[in-house]
Each structure stands twice: as structure tokens, then as C-alpha cells.
>>> print(open('start-v2.cif').read())   # mmCIF, C-alpha atoms and all ligand atoms
data_target
loop_
_atom_site.label_atom_id
_atom_site.label_comp_id
_atom_site.auth_asym_id
_atom_site.auth_seq_id
_atom_site.Cartn_x
_atom_site.Cartn_y
_atom_site.Cartn_z
CA MET A 1 -0.10 -8.86 1.00
CA ALA A 2 2.48 -10.79 2.99
CA GLU A 3 1.21 -13.99 1.38
CA LYS A 4 1.46 -12.58 -2.14
CA LEU A 5 4.95 -11.21 -1.52
CA ASN A 6 6.02 -14.55 -0.08
CA ALA A 7 4.66 -16.31 -3.14
CA SER A 8 6.92 -14.10 -5.28
CA GLY A 9 9.92 -15.13 -3.18
CA ILE A 10 10.21 -11.74 -1.48
CA GLU A 11 11.45 -11.40 2.10
CA VAL A 12 8.60 -10.10 4.32
CA ARG A 13 8.26 -8.27 7.64
CA THR A 14 4.72 -7.79 9.00
CA ARG A 15 3.30 -5.62 11.82
CA VAL A 16 5.73 -2.85 11.00
CA GLY A 17 4.57 0.38 12.67
CA GLY A 18 1.13 -1.13 13.37
CA THR A 19 -0.33 -3.10 10.47
CA GLY A 20 2.38 -2.15 7.97
CA VAL A 21 4.05 -4.71 5.71
CA LEU A 22 7.57 -4.47 4.33
CA GLY A 23 8.85 -6.61 1.45
CA THR A 24 12.50 -6.66 0.41
CA LEU A 25 13.76 -7.98 -2.92
CA ARG A 26 17.54 -8.20 -3.16
CA GLY A 27 19.03 -8.09 -6.62
CA THR A 28 22.23 -9.68 -7.82
CA GLY A 29 24.66 -6.75 -7.83
CA SER A 30 25.72 -3.55 -6.13
CA GLY A 31 23.06 -1.11 -7.35
CA LYS A 32 20.95 1.35 -5.40
CA VAL A 33 18.19 0.74 -2.87
CA VAL A 34 14.76 1.87 -4.09
CA ALA A 35 11.62 1.96 -1.94
CA LEU A 36 8.11 1.89 -3.43
CA ARG A 37 5.27 2.85 -1.15
CA ALA A 38 1.55 2.05 -1.29
CA ASP A 39 -0.81 3.32 1.38
CA MET A 40 -3.63 0.89 2.06
CA ASP A 41 -6.24 2.45 4.35
CA ALA A 42 -9.90 3.24 3.58
CA LEU A 43 -12.27 6.07 4.58
CA PRO A 44 -15.37 6.29 6.81
CA LEU A 45 -17.95 6.49 3.98
CA GLU A 46 -20.81 4.32 2.76
CA GLU A 47 -19.90 3.15 -0.74
CA LEU A 48 -22.42 4.12 -3.44
CA ALA A 49 -20.32 3.10 -6.47
CA GLU A 50 -22.01 0.46 -8.63
CA VAL A 51 -19.24 -2.09 -8.80
CA ASP A 52 -19.34 -5.80 -8.10
CA PHE A 53 -16.45 -5.43 -5.65
CA ARG A 54 -18.25 -2.80 -3.60
CA SER A 55 -17.07 -2.59 0.01
CA SER A 56 -18.67 -5.24 2.21
CA ALA A 57 -17.74 -3.34 5.38
CA LYS A 58 -20.57 -1.04 6.41
CA GLY A 59 -19.60 2.64 6.45
CA VAL A 60 -16.09 1.99 5.19
CA MET A 61 -14.93 2.29 1.59
CA HIS A 62 -11.82 2.74 -0.51
CA ALA A 63 -12.86 6.24 -1.56
CA CYS A 64 -9.26 7.34 -2.07
CA GLY A 65 -8.31 4.30 -4.16
CA HIS A 66 -5.66 3.01 -1.78
CA ASP A 67 -6.84 -0.51 -2.66
CA THR A 68 -5.60 0.16 -6.19
CA HIS A 69 -2.25 1.32 -4.78
CA VAL A 70 -1.91 -2.03 -3.03
CA ALA A 71 -2.89 -3.94 -6.19
CA MET A 72 -0.43 -1.99 -8.36
CA LEU A 73 2.45 -2.40 -5.91
CA LEU A 74 1.82 -6.14 -5.59
CA GLY A 75 1.84 -6.31 -9.39
CA ALA A 76 5.16 -4.45 -9.52
CA ALA A 77 6.61 -6.79 -6.88
CA LYS A 78 5.60 -9.80 -8.97
CA ILE A 79 7.18 -8.37 -12.13
CA LEU A 80 10.41 -7.34 -10.39
CA SER A 81 10.81 -10.73 -8.69
CA LYS A 82 10.53 -12.37 -12.10
CA HIS A 83 13.40 -10.19 -13.33
CA ARG A 84 15.49 -10.55 -10.20
CA LYS A 85 18.54 -11.88 -12.02
CA ASN A 86 18.77 -8.60 -13.97
CA LEU A 87 18.14 -6.45 -10.92
CA ARG A 88 21.41 -4.99 -9.59
CA GLY A 89 20.12 -3.15 -6.51
CA THR A 90 17.48 -3.78 -3.87
CA VAL A 91 13.78 -2.91 -3.96
CA LYS A 92 11.71 -2.38 -0.83
CA PHE A 93 7.93 -2.60 -0.96
CA ILE A 94 6.28 -0.51 1.74
CA PHE A 95 2.59 -1.14 2.45
CA GLN A 96 1.57 1.63 4.80
CA PRO A 97 -1.48 2.00 7.06
CA ALA A 98 -3.23 5.17 8.32
CA GLU A 99 -2.37 7.69 5.60
CA GLU A 100 -5.80 9.29 5.94
CA HIS A 101 -5.41 9.57 9.69
CA GLY A 102 -3.33 12.74 9.86
CA GLY A 103 -1.02 13.59 12.76
CA ARG A 104 1.31 10.67 13.42
CA GLY A 105 -0.25 8.83 10.48
CA GLY A 106 1.27 5.58 9.24
CA ALA A 107 4.51 6.66 7.56
CA LYS A 108 6.12 7.96 10.74
CA PRO A 109 5.74 4.75 12.78
CA MET A 110 7.07 2.70 9.83
CA ILE A 111 10.09 4.98 9.47
CA GLU A 112 10.67 4.74 13.23
CA GLU A 113 10.69 0.97 12.87
CA GLY A 114 13.44 1.20 10.31
CA VAL A 115 11.87 0.69 6.87
CA MET A 116 14.18 3.31 5.34
CA LYS A 117 17.34 1.73 6.86
CA ASP A 118 19.29 -1.55 6.65
CA PRO A 119 19.82 -1.27 3.76
CA LYS A 120 19.49 2.51 3.59
CA VAL A 121 17.04 3.67 0.91
CA ASP A 122 18.57 5.83 -1.87
CA TYR A 123 15.34 6.68 -3.70
CA VAL A 124 11.67 6.51 -2.76
CA PHE A 125 8.59 6.60 -5.02
CA GLY A 126 4.87 6.77 -4.30
CA LEU A 127 1.95 6.66 -6.71
CA HIS A 128 -1.57 8.01 -6.19
CA ILE A 129 -4.63 7.27 -8.28
CA ASP A 130 -6.12 10.59 -9.41
CA GLY A 131 -9.84 11.27 -9.89
CA ASP A 132 -9.01 14.69 -11.35
CA GLU A 133 -6.94 13.50 -14.32
CA LYS A 134 -7.88 11.60 -17.51
CA SER A 135 -7.38 7.84 -17.67
CA GLY A 136 -3.87 6.84 -18.67
CA VAL A 137 -2.27 10.19 -17.87
CA ILE A 138 0.71 9.93 -15.53
CA ALA A 139 1.51 13.29 -13.95
CA PHE A 140 4.68 14.46 -12.25
CA ARG A 141 5.97 17.64 -10.68
CA GLY A 142 9.32 18.53 -9.16
CA GLY A 143 9.39 20.59 -5.94
CA PRO A 144 6.43 21.12 -3.59
CA ILE A 145 3.40 19.13 -4.81
CA MET A 146 1.13 18.69 -1.78
CA ALA A 147 0.39 20.86 1.23
CA ALA A 148 1.10 20.72 4.93
CA PRO A 149 -2.38 20.19 6.44
CA ASP A 150 -2.46 22.02 9.77
CA ARG A 151 -5.59 21.30 11.79
CA PHE A 152 -6.42 23.77 14.53
CA VAL A 153 -9.00 24.28 17.28
CA VAL A 154 -10.06 27.68 18.63
CA ARG A 155 -11.75 27.56 22.01
CA ILE A 156 -13.64 30.75 22.83
CA VAL A 157 -14.53 31.11 26.50
CA GLY A 158 -17.22 33.73 27.15
CA ARG A 159 -19.87 34.05 29.88
CA GLY A 160 -23.34 32.66 29.30
CA GLY A 161 -26.73 34.06 30.24
CA HIS A 162 -30.24 34.87 28.97
CA GLY A 163 -30.74 35.50 25.27
CA SER A 164 -32.84 38.57 26.10
CA ALA A 165 -30.00 40.21 28.04
CA PRO A 166 -26.79 39.88 26.01
CA HIS A 167 -25.24 42.91 27.77
CA GLN A 168 -24.89 40.77 30.91
CA THR A 169 -22.95 38.11 29.00
CA VAL A 170 -19.86 37.63 26.85
CA ASP A 171 -21.46 35.94 23.86
CA PRO A 172 -19.12 33.30 22.40
CA VAL A 173 -21.43 32.61 19.43
CA TYR A 174 -21.25 36.20 18.22
CA ILE A 175 -17.50 36.25 18.82
CA ALA A 176 -17.07 32.97 16.94
CA ALA A 177 -18.76 34.57 13.92
CA GLN A 178 -16.30 37.48 14.08
CA VAL A 179 -13.35 35.07 14.34
CA ILE A 180 -14.54 33.05 11.32
CA THR A 181 -14.70 36.23 9.24
CA ALA A 182 -11.50 37.76 10.58
CA VAL A 183 -9.20 34.78 9.98
CA GLN A 184 -9.95 34.97 6.25
CA GLY A 185 -8.07 38.28 6.40
CA VAL A 186 -4.89 36.33 7.10
CA SER A 187 -5.20 34.91 3.61
CA GLY A 188 -6.10 38.20 1.92
CA ARG A 189 -3.93 40.66 3.88
CA MET A 190 -1.06 38.92 5.63
CA ILE A 191 0.28 36.19 3.34
CA ASP A 192 2.27 36.81 0.15
CA PRO A 193 -0.45 36.56 -2.53
CA VAL A 194 1.76 34.53 -4.87
CA GLN A 195 2.01 31.78 -2.21
CA PRO A 196 -0.76 29.17 -2.32
CA PHE A 197 -2.63 29.34 0.98
CA VAL A 198 -6.07 28.31 2.15
CA ILE A 199 -7.84 28.50 5.49
CA SER A 200 -11.19 26.81 6.13
CA ILE A 201 -13.27 26.53 9.29
CA GLY A 202 -15.11 23.25 8.87
CA ALA A 203 -16.77 22.80 12.26
CA VAL A 204 -18.56 25.15 14.67
CA HIS A 205 -19.78 23.86 18.01
CA SER A 206 -21.79 25.85 20.53
CA GLY A 207 -25.12 26.27 22.24
CA THR A 208 -28.22 24.22 23.09
CA LYS A 209 -31.28 26.50 22.78
CA GLU A 210 -32.27 29.75 21.08
CA ASN A 211 -32.68 31.80 24.25
CA ILE A 212 -29.55 30.68 26.05
CA ILE A 213 -26.26 32.41 25.42
CA PRO A 214 -23.73 29.63 25.99
CA ASP A 215 -20.43 29.84 27.87
CA GLU A 216 -18.23 28.51 25.09
CA ALA A 217 -17.79 28.07 21.39
CA ILE A 218 -15.34 25.81 19.61
CA LEU A 219 -14.14 26.22 16.03
CA GLU A 220 -12.19 23.61 14.08
CA GLY A 221 -10.31 24.53 10.96
CA THR A 222 -7.46 23.70 8.65
CA ILE A 223 -4.66 25.67 7.01
CA ARG A 224 -2.92 24.45 3.85
CA THR A 225 0.44 25.77 2.72
CA LEU A 226 3.15 24.70 0.28
CA ASP A 227 6.24 26.04 1.99
CA GLU A 228 7.48 26.01 5.55
CA ALA A 229 8.00 29.78 5.91
CA THR A 230 4.42 30.57 4.82
CA ARG A 231 3.26 27.76 7.04
CA ASN A 232 4.90 29.17 10.17
CA ARG A 233 3.80 32.72 9.44
CA SER A 234 0.19 31.77 8.78
CA LYS A 235 -0.05 29.69 11.97
CA ALA A 236 1.26 32.61 14.01
CA LYS A 237 -1.09 35.10 12.30
CA VAL A 238 -4.20 32.93 12.73
CA THR A 239 -3.41 32.58 16.42
CA GLU A 240 -2.86 36.33 16.78
CA VAL A 241 -6.03 37.33 14.91
CA ALA A 242 -8.28 34.80 16.68
CA LYS A 243 -6.99 35.79 20.11
CA GLY A 244 -7.12 39.50 19.27
CA VAL A 245 -10.77 39.36 18.15
CA CYS A 246 -11.74 37.40 21.24
CA LYS A 247 -9.95 39.88 23.48
CA ALA A 248 -11.68 42.84 21.81
CA PHE A 249 -15.07 41.38 22.79
CA GLY A 250 -14.02 40.31 26.29
CA ALA A 251 -13.63 36.54 25.77
CA LYS A 252 -10.64 34.34 26.47
CA ALA A 253 -9.31 32.17 23.68
CA THR A 254 -6.91 29.32 23.16
CA VAL A 255 -5.70 28.33 19.71
CA GLU A 256 -4.11 24.92 19.33
CA PHE A 257 -2.54 23.42 16.24
CA GLU A 258 -2.25 19.66 15.87
CA LYS A 259 1.21 18.53 16.85
CA ASP A 260 2.98 16.26 14.38
CA ALA A 261 1.00 17.45 11.33
CA TYR A 262 2.25 16.18 7.95
CA PRO A 263 4.97 18.29 6.35
CA VAL A 264 4.80 19.76 2.83
CA THR A 265 5.37 17.02 0.21
CA VAL A 266 8.45 18.12 -1.72
CA ASN A 267 9.55 16.08 -4.73
CA ASP A 268 13.23 15.97 -5.64
CA ASP A 269 13.74 17.84 -8.94
CA ALA A 270 16.44 15.58 -10.41
CA ALA A 271 14.71 12.32 -9.45
CA THR A 272 11.40 13.64 -10.83
CA GLU A 273 12.96 14.63 -14.14
CA LYS A 274 14.61 11.25 -14.52
CA ALA A 275 11.38 9.45 -13.52
CA MET A 276 9.41 11.35 -16.19
CA LYS A 277 11.87 10.25 -18.88
CA ILE A 278 11.63 6.62 -17.74
CA VAL A 279 7.83 6.56 -17.54
CA LYS A 280 7.51 8.17 -21.00
CA THR A 281 8.71 4.84 -22.42
CA ILE A 282 5.52 3.07 -21.26
CA ARG A 283 3.21 2.67 -24.24
CA GLY A 284 -0.41 3.75 -23.89
CA THR A 285 0.26 6.46 -21.31
CA LYS A 286 0.70 10.20 -21.54
CA VAL A 287 3.17 11.91 -19.19
CA THR A 288 2.29 15.44 -18.08
CA VAL A 289 3.21 18.00 -15.43
CA ARG A 290 0.69 18.06 -12.61
CA LYS A 291 -0.50 21.20 -10.90
CA GLN A 292 0.02 21.43 -7.16
CA LEU A 293 -2.77 20.38 -4.83
CA LEU A 294 -3.54 21.41 -1.27
CA GLY A 295 -4.37 18.00 0.13
CA GLY A 296 -1.87 16.52 2.61
CA GLU A 297 0.16 13.31 2.28
CA ASP A 298 2.41 11.55 4.75
CA PHE A 299 4.50 10.31 1.84
CA SER A 300 6.16 13.67 2.65
CA ARG A 301 7.85 11.94 5.57
CA PHE A 302 9.54 9.38 3.31
CA LEU A 303 10.82 12.24 1.16
CA HIS A 304 12.54 13.63 4.28
CA GLU A 305 14.52 10.36 4.42
CA ALA A 306 15.47 9.97 0.75
CA PRO A 307 15.01 11.85 -2.54
CA GLY A 308 12.27 10.66 -4.84
CA THR A 309 8.91 11.64 -6.20
CA PHE A 310 5.19 11.33 -5.49
CA TYR A 311 3.28 11.08 -8.76
CA PHE A 312 -0.25 10.54 -10.07
CA LEU A 313 -2.16 8.18 -12.35
CA GLY A 314 -5.35 9.57 -13.93
CA THR A 315 -8.55 7.53 -13.80
CA VAL A 316 -11.26 9.84 -15.20
CA ASN A 317 -13.22 8.01 -17.90
CA PRO A 318 -16.79 9.31 -18.52
CA ARG A 319 -17.57 6.34 -20.80
CA LYS A 320 -17.23 4.02 -17.80
CA GLY A 321 -18.81 6.38 -15.27
CA CYS A 322 -15.45 7.04 -13.63
CA VAL A 323 -16.08 10.75 -13.07
CA TYR A 324 -16.24 11.17 -9.30
CA PRO A 325 -13.28 12.64 -7.41
CA ASN A 326 -11.26 10.94 -4.68
CA HIS A 327 -13.16 10.88 -1.34
CA SER A 328 -16.57 10.78 -3.09
CA SER A 329 -18.95 7.97 -2.03
CA LYS A 330 -19.25 7.20 -5.77
CA PHE A 331 -15.49 7.19 -6.47
CA LYS A 332 -14.80 4.52 -9.06
CA VAL A 333 -11.50 3.66 -10.71
CA ASP A 334 -11.01 2.85 -14.38
CA GLU A 335 -9.37 -0.52 -13.81
CA ASP A 336 -7.76 -0.50 -17.25
CA VAL A 337 -5.23 2.07 -16.01
CA LEU A 338 -3.89 -0.14 -13.22
CA LYS A 339 -1.50 -1.89 -15.58
CA TYR A 340 0.12 1.46 -16.37
CA GLY A 341 0.59 2.22 -12.69
CA THR A 342 2.09 -1.22 -12.13
CA ALA A 343 4.41 -0.80 -15.10
CA SER A 344 5.53 2.63 -13.91
CA LEU A 345 6.40 1.39 -10.41
CA ALA A 346 8.27 -1.64 -11.71
CA THR A 347 10.18 0.35 -14.35
CA LEU A 348 11.13 3.16 -11.96
CA ALA A 349 12.38 0.67 -9.36
CA PHE A 350 14.34 -1.28 -11.95
CA GLU A 351 16.00 1.76 -13.59
CA PHE A 352 16.85 3.56 -10.35
CA ALA A 353 18.09 0.39 -8.63
CA ASN A 354 20.35 -0.41 -11.57
CA GLU A 355 21.86 3.10 -11.61
CA ASN A 356 25.67 2.63 -11.69
CA GLY A 357 25.05 -0.97 -10.62
CA ARG A 358 27.16 -3.92 -11.64
ZN ZN B 401 -7.39 10.47 0.53
ZN ZN B 402 -5.04 8.97 -0.78
#
>>> encode(input="start-v2.cif", output="C-alpha cells")
Amino acid sequence: MAEKLNASGIEVRTRVGGTGVLGTLRGTGSGKVVALRADMDALPLEELAEVDFRSSAKGVMHACGHDTHVAMLLGAAKILSKHRKNLRGTVKFIFQPAEEHGGRGGAKPMIEEGVMKDPKVDYVFGLHIDGDEKSGVIAFRGGPIMAAPDRFVVRIVGRGGHGSAPHQTVDPVYIAAQVITAVQGVSGRMIDPVQPFVISIGAVHSGTKENIIPDEAILEGTIRTLDEATRNRSKAKVTEVAKGVCKAFGAKATVEFEKDAYPVTVNDDAATEKAMKIVKTIRGTKVTVRKQLLGGEDFSRFLHEAPGTFYFLGTVNPRKGCVYPNHSSKFKVDEDVLKYGTASLATLAFEFANENGR
């Protein structure tokens, strides 16, 4: 990436916040500073897509299409550098690692190392390839668009013993089953039903043999919310319910939420509206309003630094076998849409950077 940016005459910083790369293209006037972000990490999955550029790294594939984000942003950088003499402001190209990581992720370290400062970014845009939307559709939404993903671990400490004599024990497996059922009541009974909310327990760990009641059980789960008030309330309620159920059956419990979880991704309404108008001018695409989704994104952290929007490019094309969703081992992108993504990034950067610019 650094090489390609260099070749386009763009100033480059490497090793920013780990393996991040920052390119800066300075225009010829006094316009705004626009940042475009592409995440670039892959997922721990064996690729089963039948493509000639299938991953050559065993057990690692670009199942979320972040490779296409990199390609589209490099394309936009090339176009913008060619039009530098008409560019009034500055465009920053942020290539970010570790989006799929969660927790600290890759955006936070890059922000800490100053990618949103000197010059200070006025607008920030991020594009995601979307295995849920038809090829060529570009979808926007103002306000909250993606969830805060809050991972949690419940540790249930009972007292083990013989499977034939449960009355002498505090059975953490039985209690874990009660906790799994009870926390769903947070969703149904304690959260405003018009607020999107989901709670899933995705991992249960306990025991070694059928006739041994173990000492401990561990549950791992995730909560997804689209606003901070619901987020705080649901975390408190899950903790209360899990601990309460454990106490009722005589076990001790700790409930820990991941520190530093990604915030809700909230798009700026005005910037989103303006972006939709701009992107509508790209021939061959269809601009729509996207529904919210409960995945997490650390692009949310950039949106805490500057207004902007996170938007989506559809890639579903049954004719080409591009029908699998993001994170599937068969995820395959309709490459003919990449030009639209590239055009949208370049056009947004150009129009926003030239705002009031001379
Ligand atoms: Zn992903
Ligand atoms: Zn992704």
C-alpha cells in the first residue's frame, strides 16, 4: 500500500498504530480535510470460494472483503492524485489493521498516533462491501447504523461432587442452564421493546465426565445495542440477573464485560444526506437507505473524532455465485462493483474537501 501511494505521489507514514498506513494528499487551496478509511485485516477461516485469487495463507481468508476496501481506497487515491490541481483541501487515506479484533481494535491505536490531527480531519468516510445487498447498490443511513458489541464472561463458581449425589454439591452446569434462559428475559422484559437489542450466549464451558459435577462453569456471550442508554441499562441488568440466579442456587458469580468495547457507530445526519446526493451522480449505481445492523465496527471511533458516514456497497449477484454473506467461508465479491466503490470514495473526498475551498 505504501508503495502504491508513493507511486501516486502521496506522502506516506507506515507502522501507524501497529501495521497501519497513512497517506496524505495535499491539494492546492484552503478547503477541508477529508479522511477515507479502509480496514485491511482478514479472518481465521479456511477459504472455500472458487476464485483464482483464493487465499494462499492456510486458515486465513478475506471473508469480510477488507481486501476490496484496500483495493477501492488505493483506486480512489490514484484518481484523486491525478486531479490534485483541482483539489482545494487535503485527503487522508487511512489503512487500518485489526478491525475484526474487537476491544482496542485498530482504529484506536491509529487515532492515538494522530491520524485525525495535523491537519485536523473535518469529515471522515468509510465504505464496507455488503454481502446482504444487490450488486451496485450503495446504501446509506444517518444516525446509528451499527451496534456496540459488548462481549461478556459469566463465571459460575459452585461446588463439585458425584453425579449420583447432587444434593451434596452446588451444580454449576444446572445453574448455567438457568442463567442462559434467564438472561433472555432482559431482552423480553427489561429493555424498551422499540429499541433494537440482542443477547446471545455463544460459548459454554464446563465439566469433564458424565458422573462428575464440576466446580465451575463459564459462559461467554455478547450484547448488541444501538444507543448508549440501552447499552448501559442492558449491561447492568444482565449482570444483576446472572448474579441473582446464581445466588438463588447457592453459587458465586462474576460477570465481566470487555473493557474498551467498540462504541455504537453513529453517522452524522447532514454529512450522510450530502453524501447520498453526491453518490447519486455516479452512473450505474442505485442509492438506497440501509437498515441498521447489529454487527460492530471500530469506524465508530473515527466518527467520535469528526462527522462523516459509514456506508455500504452491495455485492450480491446470483449469476456469478456471489450469494454468500460476509464472514462465510464461501464469501465472494462481485468484482464489477469495485469501480463504483472507488468512484464513490474519490467523489466524496473531492466534493467535501472542496467545500468552501478556494
Ligand atoms: Zn467482518
Ligand atoms: Zn468488515
>>> closest_atom_pairs(input="start-v2.cif", of="chain A", to="ligand ZN 401 (chain B)", cutoff="9 Å", atoms="only C-alpha atoms and all ligand atoms", output="Markdown table")
| residue | atom | partner | partner_atom | distance |
| --- | --- | --- | --- | --- |
| A:Asp41 | CA | B:ZN401 | ZN | 9.0 |
| A:Ala42 | CA | B:ZN401 | ZN | 8.2 |
| A:Leu43 | CA | B:ZN401 | ZN | 7.7 |
| A:His62 | CA | B:ZN401 | ZN | 9.0 |
| A:Ala63 | CA | B:ZN401 | ZN | 7.2 |
| A:Cys64 | CA | B:ZN401 | ZN | 4.5 |
| A:Gly65 | CA | B:ZN401 | ZN | 7.8 |
| A:His66 | CA | B:ZN401 | ZN | 8.0 |
| A:Glu99 | CA | B:ZN401 | ZN | 7.7 |
| A:Glu100 | CA | B:ZN401 | ZN | 5.8 |
| A:Gly295 | CA | B:ZN401 | ZN | 8.1 |
| A:Gly296 | CA | B:ZN401 | ZN | 8.4 |
| A:Glu297 | CA | B:ZN401 | ZN | 8.3 |
| A:Asn326 | CA | B:ZN401 | ZN | 6.5 |
| A:His327 | CA | B:ZN401 | ZN | 6.1 |
>>> write_last_selection(input="start-v2.cif", atoms="C-alpha atoms", output="mmCIF file, in the coordinates of the input")
data_model
loop_
_atom_site.group_PDB
_atom_site.id
_atom_site.type_symbol
_atom_site.label_atom_id
_atom_site.label_comp_id
_atom_site.auth_asym_id
_atom_site.auth_seq_id
_atom_site.Cartn_x
_atom_site.Cartn_y
_atom_site.Cartn_z
ATOM 1 C CA ASP A 41 -6.240 2.450 4.350
ATOM 2 C CA ALA A 42 -9.900 3.240 3.580
ATOM 3 C CA LEU A 43 -12.270 6.070 4.580
ATOM 4 C CA HIS A 62 -11.820 2.740 -0.510
ATOM 5 C CA ALA A 63 -12.860 6.240 -1.560
ATOM 6 C CA CYS A 64 -9.260 7.340 -2.070
ATOM 7 C CA GLY A 65 -8.310 4.300 -4.160
ATOM 8 C CA HIS A 66 -5.660 3.010 -1.780
ATOM 9 C CA GLU A 99 -2.370 7.690 5.600
ATOM 10 C CA GLU A 100 -5.800 9.290 5.940
ATOM 11 C CA GLY A 295 -4.370 18.000 0.130
ATOM 12 C CA GLY A 296 -1.870 16.520 2.610
ATOM 13 C CA GLU A 297 0.160 13.310 2.280
ATOM 14 C CA ASN A 326 -11.260 10.940 -4.680
ATOM 15 C CA HIS A 327 -13.160 10.880 -1.340
#
>>> closest_residue(input="start-v2.cif", among="A:Ala353, A:Ile129, A:Leu226, A:Ile156", to="ligand ZN 402 (chain B)", atoms="only C-alpha atoms and all ligand atoms")
A:Ile129
>>> closest_residue(input="start-v2.cif", among="A:Val34, A:Met190, A:Ala165, A:Val154", to="Lys252 of chain A", atoms="all atoms listed in the file")
A:Val154
>>> closest_residue(input="start-v2.cif", among="A:Gly244, A:Gly284, A:Gly250, A:Pro325", to="ligand ZN 402 (chain B)", atoms="all atoms listed in the file")
A:Pro325
>>> residues_around(input="start-v2.cif", residues="Ile199 of chain A", least_positions_apart="5", cutoff="9 Å", atoms="all atoms listed in the file", output="MDAnalysis selection string")
chainID A and resid 183:184 186:187 221:224
>>> atom_distance(input="start-v2.cif", atom1="atom CA of His69 of chain A", atom2="atom CA of Ala38 of chain A")
5.2 Å
>>> decode(input="start-v2.cif", residues="segment 210-228 of chain A", atoms="N, CA and C atoms", output="PDB file, in the first residue's frame")
ATOM      1  N   GLU A 210     -19.460 -37.597  32.587  1.00  0.00           N
ATOM      2  CA  GLU A 210     -20.905 -37.565  32.872  1.00  0.00           C
ATOM      3  C   GLU A 210     -21.250 -37.705  34.345  1.00  0.00           C
ATOM      4  N   ASN A 211     -20.397 -38.369  35.131  1.00  0.00           N
ATOM      5  CA  ASN A 211     -20.777 -38.594  36.529  1.00  0.00           C
ATOM      6  C   ASN A 211     -20.023 -37.705  37.518  1.00  0.00           C
ATOM      7  N   ILE A 212     -19.417 -36.662  36.977  1.00  0.00           N
ATOM      8  CA  ILE A 212     -18.741 -35.692  37.852  1.00  0.00           C
ATOM      9  C   ILE A 212     -19.462 -34.359  37.751  1.00  0.00           C
ATOM     10  N   ILE A 213     -19.913 -33.855  38.875  1.00  0.00           N
ATOM     11  CA  ILE A 213     -20.429 -32.482  38.878  1.00  0.00           C
ATOM     12  C   ILE A 213     -19.219 -31.571  39.070  1.00  0.00           C
ATOM     13  N   PRO A 214     -18.983 -30.689  38.097  1.00  0.00           N
ATOM     14  CA  PRO A 214     -17.760 -29.867  38.159  1.00  0.00           C
ATOM     15  C   PRO A 214     -17.888 -28.712  39.167  1.00  0.00           C
ATOM     16  N   ASP A 215     -16.775 -28.043  39.399  1.00  0.00           N
ATOM     17  CA  ASP A 215     -16.768 -26.917  40.338  1.00  0.00           C
ATOM     18  C   ASP A 215     -17.242 -25.621  39.692  1.00  0.00           C
ATOM     19  N   GLU A 216     -17.018 -25.536  38.366  1.00  0.00           N
ATOM     20  CA  GLU A 216     -17.214 -24.230  37.712  1.00  0.00           C
ATOM     21  C   GLU A 216     -17.869 -24.360  36.354  1.00  0.00           C
ATOM     22  N   ALA A 217     -18.506 -23.305  35.938  1.00  0.00           N
ATOM     23  CA  ALA A 217     -18.969 -23.211  34.548  1.00  0.00           C
ATOM     24  C   ALA A 217     -18.694 -21.790  34.077  1.00  0.00           C
ATOM     25  N   ILE A 218     -18.361 -21.682  32.797  1.00  0.00           N
ATOM     26  CA  ILE A 218     -18.076 -20.361  32.230  1.00  0.00           C
ATOM     27  C   ILE A 218     -18.942 -20.147  30.986  1.00  0.00           C
ATOM     28  N   LEU A 219     -19.606 -19.025  30.946  1.00  0.00           N
ATOM     29  CA  LEU A 219     -20.433 -18.672  29.787  1.00  0.00           C
ATOM     30  C   LEU A 219     -19.824 -17.444  29.123  1.00  0.00           C
ATOM     31  N   GLU A 220     -19.810 -17.449  27.776  1.00  0.00           N
ATOM     32  CA  GLU A 220     -19.366 -16.261  27.055  1.00  0.00           C
ATOM     33  C   GLU A 220     -20.501 -15.799  26.151  1.00  0.00           C
ATOM     34  N   GLY A 221     -20.754 -14.514  26.179  1.00  0.00           N
ATOM     35  CA  GLY A 221     -21.860 -14.004  25.373  1.00  0.00           C
ATOM     36  C   GLY A 221     -21.585 -12.618  24.836  1.00  0.00           C
ATOM     37  N   THR A 222     -22.559 -12.137  24.069  1.00  0.00           N
ATOM     38  CA  THR A 222     -22.433 -10.788  23.517  1.00  0.00           C
ATOM     39  C   THR A 222     -23.790 -10.079  23.550  1.00  0.00           C
ATOM     40  N   ILE A 223     -23.720  -8.779  23.779  1.00  0.00           N
ATOM     41  CA  ILE A 223     -24.910  -7.927  23.778  1.00  0.00           C
ATOM     42  C   ILE A 223     -24.724  -6.918  22.661  1.00  0.00           C
ATOM     43  N   ARG A 224     -25.774  -6.653  21.891  1.00  0.00           N
ATOM     44  CA  ARG A 224     -25.686  -5.644  20.826  1.00  0.00           C
ATOM     45  C   ARG A 224     -26.774  -4.592  21.033  1.00  0.00           C
ATOM     46  N   THR A 225     -26.366  -3.354  21.045  1.00  0.00           N
ATOM     47  CA  THR A 225     -27.325  -2.259  21.226  1.00  0.00           C
ATOM     48  C   THR A 225     -26.994  -1.115  20.269  1.00  0.00           C
ATOM     49  N   LEU A 226     -27.967  -0.266  20.029  1.00  0.00           N
ATOM     50  CA  LEU A 226     -27.775   0.854  19.098  1.00  0.00           C
ATOM     51  C   LEU A 226     -27.854   2.225  19.761  1.00  0.00           C
ATOM     52  N   ASP A 227     -27.972   2.244  21.097  1.00  0.00           N
ATOM     53  CA  ASP A 227     -27.810   3.547  21.746  1.00  0.00           C
ATOM     54  C   ASP A 227     -27.220   3.348  23.132  1.00  0.00           C
ATOM     55  N   GLU A 228     -26.527   4.380  23.594  1.00  0.00           N
ATOM     56  CA  GLU A 228     -25.705   4.235  24.803  1.00  0.00           C
ATOM     57  C   GLU A 228     -26.551   4.006  26.058  1.00  0.00           C
TER      58      GLU A 228
END
